[in-house]
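So this block is my_file-v1.csv, CSV, N, CA, C and O atoms:
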chain,number,residue,atom,x,y,z
K,1336,MET,N,82.8,21.0,93.1
K,1336,MET,CA,84.1,20.6,93.6
K,1336,MET,C,84.5,21.4,94.8
K,1336,MET,O,84.3,22.6,94.9
K,1337,HIS,N,85.1,20.8,95.8
K,1337,HIS,CA,85.6,21.4,97.0
K,1337,HIS,C,87.0,22.0,96.8
K,1337,HIS,O,87.8,21.5,96.0
K,1338,SER,N,87.3,23.0,97.6
K,1338,SER,CA,88.6,23.7,97.4
K,1338,SER,C,89.7,22.8,97.8
K,1338,SER,O,90.9,23.1,97.5
K,1339,TYR,N,89.5,21.7,98.5
K,1339,TYR,CA,90.5,20.8,99.0
K,1339,TYR,C,90.8,19.7,98.0
K,1339,TYR,O,91.6,18.8,98.3
K,1340,SER,N,90.1,19.7,96.8
K,1340,SER,CA,90.2,18.6,95.9
K,1340,SER,C,91.7,18.3,95.5
K,1340,SER,O,92.1,17.2,95.4
K,1341,GLU,N,92.5,19.4,95.3
K,1341,GLU,CA,93.9,19.2,94.9
K,1341,GLU,C,94.7,18.5,96.0
K,1341,GLU,O,95.7,17.8,95.7
K,1342,ILE,N,94.4,18.6,97.3
K,1342,ILE,CA,95.1,18.0,98.4
K,1342,ILE,C,94.4,16.8,99.0
K,1342,ILE,O,94.8,16.3,100.0
K,1343,LYS,N,93.3,16.4,98.3
K,1343,LYS,CA,92.5,15.3,98.8
K,1343,LYS,C,93.4,14.0,99.1
K,1343,LYS,O,93.2,13.4,100.2
K,1344,PRO,N,94.2,13.6,98.2
K,1344,PRO,CA,95.0,12.4,98.5
K,1344,PRO,C,95.9,12.5,99.7
K,1344,PRO,O,96.0,11.6,100.5
K,1345,GLU,N,96.5,13.7,99.9
K,1345,GLU,CA,97.3,13.9,101.1
K,1345,GLU,C,96.4,13.9,102.4
K,1345,GLU,O,96.8,13.4,103.4
K,1346,LEU,N,95.3,14.6,102.3
K,1346,LEU,CA,94.3,14.6,103.4
K,1346,LEU,C,93.9,13.2,103.8
K,1346,LEU,O,93.9,12.8,105.0
K,1347,LEU,N,93.6,12.4,102.8
K,1347,LEU,CA,93.1,11.0,103.1
K,1347,LEU,C,94.3,10.2,103.7
K,1347,LEU,O,94.0,9.4,104.6
K,1348,GLU,N,95.5,10.4,103.2
K,1348,GLU,CA,96.6,9.7,103.7
K,1348,GLU,C,96.9,10.0,105.2
K,1348,GLU,O,97.1,9.2,106.0
K,1349,ARG,N,96.8,11.3,105.5
K,1349,ARG,CA,97.0,11.8,106.9
K,1349,ARG,C,95.8,11.2,107.8
K,1349,ARG,O,96.1,10.8,108.9
K,1350,LEU,N,94.6,11.3,107.3
K,1350,LEU,CA,93.5,10.8,108.1
K,1350,LEU,C,93.6,9.3,108.3
K,1350,LEU,O,93.2,8.8,109.4
K,1351,LYS,N,94.1,8.5,107.4
K,1351,LYS,CA,94.3,7.1,107.6
K,1351,LYS,C,95.4,6.8,108.6
K,1351,LYS,O,95.2,5.9,109.4
K,1352,LYS,N,96.4,7.7,108.6
K,1352,LYS,CA,97.4,7.5,109.6
K,1352,LYS,C,96.8,7.8,111.0
K,1352,LYS,O,97.1,7.1,112.0
K,1353,ILE,N,96.0,8.9,111.1
K,1353,ILE,CA,95.4,9.2,112.4
K,1353,ILE,C,94.5,8.1,112.8
K,1353,ILE,O,94.4,7.7,114.0
K,1354,GLU,N,93.8,7.5,111.9
K,1354,GLU,CA,92.9,6.4,112.2
K,1354,GLU,C,93.7,5.2,112.8
K,1354,GLU,O,93.3,4.6,113.8
K,1355,GLY,N,94.8,5.0,112.2
K,1355,GLY,CA,95.7,3.9,112.8
K,1355,GLY,C,96.2,4.3,114.2
K,1355,GLY,O,96.3,3.4,115.0
K,1356,GLN,N,96.6,5.5,114.4
K,1356,GLN,CA,97.0,6.0,115.7
K,1356,GLN,C,95.9,5.8,116.7
K,1356,GLN,O,96.2,5.4,117.9
K,1357,MET,N,94.7,6.1,116.3
K,1357,MET,CA,93.5,5.9,117.2
K,1357,MET,C,93.3,4.5,117.6
K,1357,MET,O,93.1,4.2,118.8
K,1358,ARG,N,93.4,3.6,116.6
K,1358,ARG,CA,93.3,2.2,116.9
K,1358,ARG,C,94.4,1.7,117.9
K,1358,ARG,O,94.2,0.9,118.8
K,1359,GLY,N,95.6,2.3,117.7
K,1359,GLY,CA,96.8,2.0,118.5
K,1359,GLY,C,96.5,2.5,120.0
K,1359,GLY,O,96.8,1.8,120.9
K,1360,LEU,N,95.9,3.6,120.1
K,1360,LEU,CA,95.5,4.2,121.4
K,1360,LEU,C,94.5,3.2,122.1
K,1360,LEU,O,94.6,3.0,123.3
K,1361,GLN,N,93.5,2.7,121.4
K,1361,GLN,CA,92.6,1.8,121.9
K,1361,GLN,C,93.3,0.6,122.5
K,1361,GLN,O,93.0,0.1,123.6
K,1362,ARG,N,94.2,0.0,121.7
K,1362,ARG,CA,95.0,-1.1,122.2
K,1362,ARG,C,95.8,-0.8,123.4
K,1362,ARG,O,95.9,-1.6,124.3
K,1363,MET,N,96.4,0.4,123.4
K,1363,MET,CA,97.2,0.8,124.5
K,1363,MET,C,96.4,0.9,125.8
K,1363,MET,O,96.9,0.4,126.9
K,1364,ILE,N,95.2,1.4,125.7
K,1364,ILE,CA,94.3,1.5,126.9
K,1364,ILE,C,93.9,0.1,127.3
K,1364,ILE,O,93.9,-0.2,128.5
K,1365,ASP,N,93.5,-0.7,126.3
K,1365,ASP,CA,93.1,-2.1,126.6
K,1365,ASP,C,94.2,-2.8,127.3
K,1365,ASP,O,94.0,-3.7,128.2
K,1366,GLN,N,95.5,-2.6,126.9
K,1366,GLN,CA,96.6,-3.3,127.5
K,1366,GLN,C,97.2,-2.6,128.7
K,1366,GLN,O,98.3,-3.0,129.2
K,1367,ASP,N,96.5,-1.6,129.2
K,1367,ASP,CA,97.0,-0.9,130.4
K,1367,ASP,C,98.4,-0.4,130.3
K,1367,ASP,O,99.2,-0.5,131.2
K,1368,ARG,N,98.7,0.3,129.1
K,1368,ARG,CA,100.0,0.8,128.9
K,1368,ARG,C,100.3,2.0,129.8
K,1368,ARG,O,99.4,2.7,130.3
K,1369,TYR,N,101.6,2.3,130.0
K,1369,TYR,CA,102.0,3.4,130.8
K,1369,TYR,C,101.4,4.7,130.3
K,1369,TYR,O,101.4,5.0,129.1
K,1370,CYS,N,101.0,5.5,131.3
K,1370,CYS,CA,100.3,6.8,131.0
K,1370,CYS,C,101.1,7.7,130.1
K,1370,CYS,O,100.5,8.3,129.1
K,1371,ILE,N,102.4,7.8,130.3
K,1371,ILE,CA,103.2,8.7,129.4
K,1371,ILE,C,103.2,8.2,128.0
K,1371,ILE,O,103.1,9.0,127.1
K,1372,ASP,N,103.2,6.9,127.8
K,1372,ASP,CA,103.1,6.4,126.4
K,1372,ASP,C,101.8,6.7,125.8
K,1372,ASP,O,101.7,7.1,124.6
K,1373,VAL,N,100.7,6.6,126.5
K,1373,VAL,CA,99.4,7.0,126.0
K,1373,VAL,C,99.3,8.5,125.7
K,1373,VAL,O,98.8,8.9,124.6
K,1374,LEU,N,99.8,9.3,126.6
K,1374,LEU,CA,99.8,10.7,126.4
K,1374,LEU,C,100.6,11.1,125.2
K,1374,LEU,O,100.2,12.0,124.4
K,1375,THR,N,101.8,10.5,125.0
K,1375,THR,CA,102.6,10.8,123.8
K,1375,THR,C,101.8,10.4,122.5
K,1375,THR,O,101.9,11.2,121.6
K,1376,GLN,N,101.1,9.3,122.5
K,1376,GLN,CA,100.4,8.9,121.3
K,1376,GLN,C,99.2,9.9,121.1
K,1376,GLN,O,98.9,10.3,120.0
K,1377,LEU,N,98.6,10.3,122.2
K,1377,LEU,CA,97.5,11.3,122.1
K,1377,LEU,C,98.0,12.6,121.5
K,1377,LEU,O,97.3,13.3,120.7
K,1378,ALA,N,99.2,13.0,121.9
K,1378,ALA,CA,99.8,14.3,121.4
K,1378,ALA,C,100.0,14.1,119.9
K,1378,ALA,O,99.8,15.1,119.1
K,1379,ALA,N,100.4,13.0,119.4
K,1379,ALA,CA,100.7,12.7,118.0
K,1379,ALA,C,99.4,12.8,117.2
K,1379,ALA,O,99.3,13.4,116.1
K,1380,VAL,N,98.3,12.2,117.8
K,1380,VAL,CA,97.0,12.3,117.1
K,1380,VAL,C,96.5,13.7,117.1
K,1380,VAL,O,96.0,14.2,116.0
K,1381,THR,N,96.6,14.4,118.1
K,1381,THR,CA,96.2,15.8,118.2
K,1381,THR,C,96.9,16.7,117.1
K,1381,THR,O,96.3,17.4,116.4
K,1382,GLN,N,98.2,16.5,117.0
K,1382,GLN,CA,99.0,17.2,116.0
K,1382,GLN,C,98.5,16.8,114.6
K,1382,GLN,O,98.5,17.7,113.7
K,1383,GLY,N,98.3,15.6,114.4
K,1383,GLY,CA,97.8,15.1,113.1
K,1383,GLY,C,96.5,15.8,112.7
K,1383,GLY,O,96.3,16.3,111.6
K,1384,VAL,N,95.5,15.8,113.7
K,1384,VAL,CA,94.2,16.4,113.4
K,1384,VAL,C,94.4,17.9,113.2
K,1384,VAL,O,93.8,18.5,112.3
K,1385,ARG,N,95.3,18.6,113.9
K,1385,ARG,CA,95.5,20.0,113.7
K,1385,ARG,C,96.1,20.3,112.4
K,1385,ARG,O,95.7,21.3,111.7
K,1386,ARG,N,97.0,19.4,111.9
K,1386,ARG,CA,97.6,19.6,110.6
K,1386,ARG,C,96.5,19.5,109.5
K,1386,ARG,O,96.4,20.3,108.6
K,1387,VAL,N,95.6,18.5,109.6
K,1387,VAL,CA,94.5,18.4,108.6
K,1387,VAL,C,93.6,19.6,108.7
K,1387,VAL,O,93.2,20.1,107.6
K,1388,THR,N,93.3,20.0,109.9
K,1388,THR,CA,92.5,21.2,110.0
K,1388,THR,C,93.1,22.4,109.4
K,1388,THR,O,92.4,23.2,108.6
K,1389,ARG,N,94.4,22.6,109.6
K,1389,ARG,CA,95.1,23.8,108.9
K,1389,ARG,C,95.0,23.7,107.4
K,1389,ARG,O,94.8,24.7,106.7
K,1390,MET,N,95.2,22.5,106.9
K,1390,MET,CA,95.2,22.3,105.4
K,1390,MET,C,93.9,22.6,104.8
K,1390,MET,O,93.8,23.2,103.8
K,1391,VAL,N,92.8,22.1,105.5
K,1391,VAL,CA,91.4,22.3,104.9
K,1391,VAL,C,91.1,23.8,105.1
K,1391,VAL,O,90.5,24.4,104.2
K,1392,THR,N,91.4,24.4,106.2
K,1392,THR,CA,91.1,25.8,106.4
K,1392,THR,C,91.8,26.7,105.4
K,1392,THR,O,91.2,27.6,104.8
K,1393,GLU,N,93.1,26.4,105.1
K,1393,GLU,CA,93.8,27.1,104.1
K,1393,GLU,C,93.2,27.0,102.7
K,1393,GLU,O,93.0,27.9,102.0
K,1394,ALA,N,92.9,25.7,102.4
K,1394,ALA,CA,92.3,25.4,101.1
K,1394,ALA,C,91.0,26.2,100.9
K,1394,ALA,O,90.6,26.7,99.9
K,1395,HIS,N,90.2,26.2,102.0
K,1395,HIS,CA,88.9,26.9,102.0
K,1395,HIS,C,89.1,28.4,101.8
K,1395,HIS,O,88.4,29.0,101.0
K,1396,ALA,N,90.0,29.0,102.5
K,1396,ALA,CA,90.3,30.4,102.4
K,1396,ALA,C,90.8,30.8,101.0
K,1396,ALA,O,90.3,31.8,100.4
K,1397,ARG,N,91.7,30.0,100.5
K,1397,ARG,CA,92.2,30.3,99.2
K,1397,ARG,C,91.3,29.9,98.0
K,1397,ARG,O,91.4,30.5,96.9
K,1398,GLY,N,90.4,29.0,98.3
K,1398,GLY,CA,89.5,28.6,97.2
K,1398,GLY,C,88.1,29.1,97.4
K,1398,GLY,O,87.7,30.1,96.7
K,1399,CYS,N,87.3,28.6,98.3
K,1399,CYS,CA,85.9,29.0,98.5
K,1399,CYS,C,85.7,30.4,98.8
K,1399,CYS,O,84.9,31.1,98.2
K,1400,VAL,N,86.5,30.9,99.8
K,1400,VAL,CA,86.3,32.3,100.2
K,1400,VAL,C,86.7,33.3,99.1
K,1400,VAL,O,86.0,34.2,98.8
K,1401,THR,N,87.8,33.0,98.4
K,1401,THR,CA,88.3,33.8,97.3
K,1401,THR,C,87.2,33.8,96.2
K,1401,THR,O,86.9,34.9,95.6
K,1402,HIS,N,86.7,32.6,95.9
K,1402,HIS,CA,85.6,32.5,94.8
K,1402,HIS,C,84.4,33.3,95.3
K,1402,HIS,O,83.8,34.1,94.4
K,1403,ALA,N,84.0,33.2,96.5
K,1403,ALA,CA,82.9,34.0,97.0
K,1403,ALA,C,83.1,35.5,96.9
K,1403,ALA,O,82.2,36.2,96.6
K,1404,MET,N,84.3,35.9,97.2
K,1404,MET,CA,84.6,37.4,97.1
K,1404,MET,C,84.5,37.8,95.7
K,1404,MET,O,83.9,38.9,95.4
K,1405,GLN,N,84.9,37.0,94.7
K,1405,GLN,CA,84.8,37.4,93.3
K,1405,GLN,C,83.4,37.4,92.9
K,1405,GLN,O,83.0,38.1,92.0
K,1406,ALA,N,82.6,36.5,93.5
K,1406,ALA,CA,81.2,36.4,93.1
K,1406,ALA,C,80.3,37.4,93.8
K,1406,ALA,O,79.1,37.5,93.6
K,1407,GLY,N,80.9,38.2,94.7
K,1407,GLY,CA,80.1,39.2,95.4
K,1407,GLY,C,79.5,38.8,96.8
K,1407,GLY,O,78.8,39.6,97.4
K,1408,SER,N,79.8,37.6,97.2
K,1408,SER,CA,79.3,37.1,98.5
K,1408,SER,C,80.4,36.9,99.5
K,1408,SER,O,80.3,36.0,100.3
K,1409,GLY,N,81.4,37.7,99.4
K,1409,GLY,CA,82.6,37.5,100.2
K,1409,GLY,C,82.4,37.7,101.7
K,1409,GLY,O,82.9,37.0,102.5
K,1410,GLU,N,81.5,38.7,102.0
K,1410,GLU,CA,81.3,39.0,103.4
K,1410,GLU,C,80.7,37.8,104.2
K,1410,GLU,O,81.1,37.4,105.3
K,1411,GLU,N,79.8,37.1,103.5
K,1411,GLU,CA,79.2,35.9,104.1
K,1411,GLU,C,80.2,34.8,104.3
K,1411,GLU,O,80.2,34.1,105.3
K,1412,ALA,N,81.0,34.6,103.3
K,1412,ALA,CA,82.0,33.6,103.3
K,1412,ALA,C,83.1,33.8,104.4
K,1412,ALA,O,83.5,32.9,105.1
K,1413,VAL,N,83.5,35.1,104.6
K,1413,VAL,CA,84.4,35.5,105.6
K,1413,VAL,C,83.8,35.3,107.0
K,1413,VAL,O,84.4,34.7,107.9
K,1414,GLU,N,82.6,35.7,107.1
K,1414,GLU,CA,81.9,35.5,108.4
K,1414,GLU,C,81.8,34.0,108.8
K,1414,GLU,O,82.0,33.6,109.9
K,1415,GLU,N,81.4,33.2,107.8
K,1415,GLU,CA,81.3,31.7,108.0
K,1415,GLU,C,82.7,31.2,108.4
K,1415,GLU,O,82.8,30.4,109.4
K,1416,LEU,N,83.8,31.6,107.8
K,1416,LEU,CA,85.1,31.1,108.1
K,1416,LEU,C,85.5,31.6,109.5
K,1416,LEU,O,86.0,30.8,110.3
K,1417,ILE,N,85.2,32.8,109.9
K,1417,ILE,CA,85.5,33.3,111.2
K,1417,ILE,C,84.8,32.5,112.3
K,1417,ILE,O,85.4,32.1,113.3
K,1418,ASN,N,83.5,32.2,112.0
K,1418,ASN,CA,82.8,31.4,113.0
K,1418,ASN,C,83.3,30.0,113.2
K,1418,ASN,O,83.4,29.6,114.3
K,1419,VAL,N,83.7,29.4,112.1
K,1419,VAL,CA,84.3,28.0,112.3
K,1419,VAL,C,85.7,28.1,113.0
K,1419,VAL,O,86.0,27.2,113.8
K,1420,ILE,N,86.5,29.1,112.7
K,1420,ILE,CA,87.8,29.2,113.3
K,1420,ILE,C,87.6,29.4,114.8
K,1420,ILE,O,88.3,28.9,115.6
K,1421,PHE,N,86.6,30.2,115.2
K,1421,PHE,CA,86.3,30.4,116.6
K,1421,PHE,C,86.0,29.1,117.3
K,1421,PHE,O,86.3,29.0,118.5
K,1422,LYS,N,85.4,28.2,116.7
K,1422,LYS,CA,85.2,26.9,117.3
K,1422,LYS,C,86.4,26.2,117.7
K,1422,LYS,O,86.5,25.4,118.6
K,1423,PHE,N,87.5,26.4,117.0
K,1423,PHE,CA,88.8,25.8,117.2
K,1423,PHE,C,89.6,26.5,118.3
K,1423,PHE,O,90.5,25.9,118.9
K,1424,VAL,N,89.3,27.8,118.5
K,1424,VAL,CA,90.1,28.5,119.5
K,1424,VAL,C,89.4,28.7,120.9
K,1424,VAL,O,89.8,29.5,121.7
K,1425,LYS,N,88.3,28.0,121.1
K,1425,LYS,CA,87.6,28.1,122.4
K,1425,LYS,C,88.4,27.5,123.4
K,1425,LYS,O,89.1,26.5,123.3
So, in terms of structure tokens, how does the structure I just supplied come out?
Amino acid sequence: MHSYSEIKPELLERLKKIEGQMRGLQRMIDQDRYCIDVLTQLAAVTQGVRRVTRMVTEAHARGCVTHAMQAGSGEEAVEELINVIFKFVK
């Protein structure tokens, strides 16, 4: 079981919304919509993805990392989390 199991329905709902926004962006580009409208939609998608990222990261830290610390492999779990966080802050 993954640490995000409890929030899985909310994650899926948010991802479906993002998917719809992406399809909307494709239509906007295809229809040559005004740049500001496209950028506004891109900002909404970006915020949605960031929210999902924060939710999964928090669930991982509170679940998997905590469990690993209790099991004696906390250092590895923390290092893994730090490495993945660095991918987001590049």
Original post:
If we count all atoms listed in the file, what is near stretch 1387-1404 of chain K at a cut-off of 6 Å, once residues fewer than 5 positions away on the same chain are taken out, given as a ChimeraX atom specification?
Top reply: /K:1338-1339,1382,1409-1410,1412-1413
**OP:** Please identify which residues in chain K DSSP calls alpha helix (DSSP H) from the backbone, and express them as a count of residues only.
**Re:** 70
**OP:** List the neighbours of K:Gly1383 out to 9 Å using only C-alpha atoms; skip same-chain residues closer than 5 positions along the sequence, and give me the result as a VMD selection string.
**Re:** chain K and resid 1349 to 1350 1352 to 1353 1378 1388
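The coordinates place atom O of K:Leu1347 at 13.2 Å from atom CA of K:Val1380.
Straight-line separation from atom C of K:Leu1360 to atom CA of K:Ile1342: 27.9 Å.
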Missing atoms of stretch 1340-1351 of chain K rebuilt to all heavy atoms, written as a PDB file, in the coordinates of the input:
ATOM      1  N   SER K1340      90.100  19.700  96.800  1.00  0.00           N
ATOM      2  CA  SER K1340      90.200  18.600  95.900  1.00  0.00           C
ATOM      3  C   SER K1340      91.700  18.300  95.500  1.00  0.00           C
ATOM      4  O   SER K1340      92.100  17.200  95.400  1.00  0.00           O
ATOM      5  CB  SER K1340      89.449  18.954  94.605  1.00  0.00           C
ATOM      6  OG  SER K1340      88.080  19.023  94.911  1.00  0.00           O
ATOM      7  N   GLU K1341      92.500  19.400  95.300  1.00  0.00           N
ATOM      8  CA  GLU K1341      93.900  19.200  94.900  1.00  0.00           C
ATOM      9  C   GLU K1341      94.700  18.500  96.000  1.00  0.00           C
ATOM     10  O   GLU K1341      95.700  17.800  95.700  1.00  0.00           O
ATOM     11  CB  GLU K1341      94.553  20.490  94.582  1.00  0.00           C
ATOM     12  CG  GLU K1341      94.018  21.087  93.296  1.00  0.00           C
ATOM     13  CD  GLU K1341      94.730  22.381  92.921  1.00  0.00           C
ATOM     14  OE1 GLU K1341      95.856  22.601  93.409  1.00  0.00           O
ATOM     15  OE2 GLU K1341      94.148  23.141  92.137  1.00  0.00           O
ATOM     16  N   ILE K1342      94.400  18.600  97.300  1.00  0.00           N
ATOM     17  CA  ILE K1342      95.100  18.000  98.400  1.00  0.00           C
ATOM     18  C   ILE K1342      94.400  16.800  99.000  1.00  0.00           C
ATOM     19  O   ILE K1342      94.800  16.300 100.000  1.00  0.00           O
ATOM     20  CB  ILE K1342      95.448  19.042  99.464  1.00  0.00           C
ATOM     21  CG1 ILE K1342      94.168  19.654 100.056  1.00  0.00           C
ATOM     22  CG2 ILE K1342      96.404  20.101  98.950  1.00  0.00           C
ATOM     23  CD1 ILE K1342      94.396  20.499 101.292  1.00  0.00           C
ATOM     24  N   LYS K1343      93.300  16.400  98.300  1.00  0.00           N
ATOM     25  CA  LYS K1343      92.500  15.300  98.800  1.00  0.00           C
ATOM     26  C   LYS K1343      93.400  14.000  99.100  1.00  0.00           C
ATOM     27  O   LYS K1343      93.200  13.400 100.200  1.00  0.00           O
ATOM     28  CB  LYS K1343      91.380  14.966  97.835  1.00  0.00           C
ATOM     29  CG  LYS K1343      90.404  13.931  98.337  1.00  0.00           C
ATOM     30  CD  LYS K1343      89.254  13.792  97.351  1.00  0.00           C
ATOM     31  CE  LYS K1343      88.273  12.746  97.789  1.00  0.00           C
ATOM     32  NZ  LYS K1343      87.135  12.654  96.844  1.00  0.00           N
ATOM     33  N   PRO K1344      94.200  13.600  98.200  1.00  0.00           N
ATOM     34  CA  PRO K1344      95.000  12.400  98.500  1.00  0.00           C
ATOM     35  C   PRO K1344      95.900  12.500  99.700  1.00  0.00           C
ATOM     36  O   PRO K1344      96.000  11.600 100.500  1.00  0.00           O
ATOM     37  CB  PRO K1344      95.916  12.215  97.216  1.00  0.00           C
ATOM     38  CG  PRO K1344      95.169  12.920  96.127  1.00  0.00           C
ATOM     39  CD  PRO K1344      94.484  14.080  96.800  1.00  0.00           C
ATOM     40  N   GLU K1345      96.500  13.700  99.900  1.00  0.00           N
ATOM     41  CA  GLU K1345      97.300  13.900 101.100  1.00  0.00           C
ATOM     42  C   GLU K1345      96.400  13.900 102.400  1.00  0.00           C
ATOM     43  O   GLU K1345      96.800  13.400 103.400  1.00  0.00           O
ATOM     44  CB  GLU K1345      98.092  15.223 101.000  1.00  0.00           C
ATOM     45  CG  GLU K1345      99.017  15.451 102.174  1.00  0.00           C
ATOM     46  CD  GLU K1345      99.807  16.742 102.093  1.00  0.00           C
ATOM     47  OE1 GLU K1345      99.669  17.481 101.101  1.00  0.00           O
ATOM     48  OE2 GLU K1345     100.563  17.008 103.040  1.00  0.00           O
ATOM     49  N   LEU K1346      95.300  14.600 102.300  1.00  0.00           N
ATOM     50  CA  LEU K1346      94.300  14.600 103.400  1.00  0.00           C
ATOM     51  C   LEU K1346      93.900  13.200 103.800  1.00  0.00           C
ATOM     52  O   LEU K1346      93.900  12.800 105.000  1.00  0.00           O
ATOM     53  CB  LEU K1346      93.101  15.424 103.088  1.00  0.00           C
ATOM     54  CG  LEU K1346      93.286  16.927 102.976  1.00  0.00           C
ATOM     55  CD1 LEU K1346      92.014  17.574 102.449  1.00  0.00           C
ATOM     56  CD2 LEU K1346      93.688  17.526 104.314  1.00  0.00           C
ATOM     57  N   LEU K1347      93.600  12.400 102.800  1.00  0.00           N
ATOM     58  CA  LEU K1347      93.100  11.000 103.100  1.00  0.00           C
ATOM     59  C   LEU K1347      94.300  10.200 103.700  1.00  0.00           C
ATOM     60  O   LEU K1347      94.000   9.400 104.600  1.00  0.00           O
ATOM     61  CB  LEU K1347      92.590  10.349 101.810  1.00  0.00           C
ATOM     62  CG  LEU K1347      91.254  10.914 101.332  1.00  0.00           C
ATOM     63  CD1 LEU K1347      90.891  10.335  99.969  1.00  0.00           C
ATOM     64  CD2 LEU K1347      90.155  10.646 102.350  1.00  0.00           C
ATOM     65  N   GLU K1348      95.500  10.400 103.200  1.00  0.00           N
ATOM     66  CA  GLU K1348      96.600   9.700 103.700  1.00  0.00           C
ATOM     67  C   GLU K1348      96.900  10.000 105.200  1.00  0.00           C
ATOM     68  O   GLU K1348      97.100   9.200 106.000  1.00  0.00           O
ATOM     69  CB  GLU K1348      97.885  10.013 102.911  1.00  0.00           C
ATOM     70  CG  GLU K1348      99.130   9.295 103.363  1.00  0.00           C
ATOM     71  CD  GLU K1348     100.328   9.670 102.514  1.00  0.00           C
ATOM     72  OE1 GLU K1348     100.179   9.888 101.301  1.00  0.00           O
ATOM     73  OE2 GLU K1348     101.435   9.754 103.083  1.00  0.00           O
ATOM     74  N   ARG K1349      96.800  11.300 105.500  1.00  0.00           N
ATOM     75  CA  ARG K1349      97.000  11.800 106.900  1.00  0.00           C
ATOM     76  C   ARG K1349      95.800  11.200 107.800  1.00  0.00           C
ATOM     77  O   ARG K1349      96.100  10.800 108.900  1.00  0.00           O
ATOM     78  CB  ARG K1349      97.002  13.292 106.930  1.00  0.00           C
ATOM     79  CG  ARG K1349      98.291  13.862 106.397  1.00  0.00           C
ATOM     80  CD  ARG K1349      98.279  15.403 106.430  1.00  0.00           C
ATOM     81  NE  ARG K1349      99.505  15.938 105.895  1.00  0.00           N
ATOM     82  CZ  ARG K1349     100.623  16.117 106.592  1.00  0.00           C
ATOM     83  NH1 ARG K1349     100.647  15.805 107.870  1.00  0.00           N
ATOM     84  NH2 ARG K1349     101.697  16.626 106.023  1.00  0.00           N
ATOM     85  N   LEU K1350      94.600  11.300 107.300  1.00  0.00           N
ATOM     86  CA  LEU K1350      93.500  10.800 108.100  1.00  0.00           C
ATOM     87  C   LEU K1350      93.600   9.300 108.300  1.00  0.00           C
ATOM     88  O   LEU K1350      93.200   8.800 109.400  1.00  0.00           O
ATOM     89  CB  LEU K1350      92.152  11.100 107.392  1.00  0.00           C
ATOM     90  CG  LEU K1350      91.790  12.586 107.428  1.00  0.00           C
ATOM     91  CD1 LEU K1350      90.616  12.880 106.509  1.00  0.00           C
ATOM     92  CD2 LEU K1350      91.505  13.044 108.849  1.00  0.00           C
ATOM     93  N   LYS K1351      94.100   8.500 107.400  1.00  0.00           N
ATOM     94  CA  LYS K1351      94.300   7.100 107.600  1.00  0.00           C
ATOM     95  C   LYS K1351      95.400   6.800 108.600  1.00  0.00           C
ATOM     96  O   LYS K1351      95.200   5.900 109.400  1.00  0.00           O
ATOM     97  CB  LYS K1351      94.663   6.397 106.257  1.00  0.00           C
ATOM     98  CG  LYS K1351      93.495   6.266 105.313  1.00  0.00           C
ATOM     99  CD  LYS K1351      93.904   5.675 103.979  1.00  0.00           C
ATOM    100  CE  LYS K1351      92.723   5.694 103.017  1.00  0.00           C
ATOM    101  NZ  LYS K1351      93.073   5.226 101.683  1.00  0.00           N
TER     102      LYS K1351
END
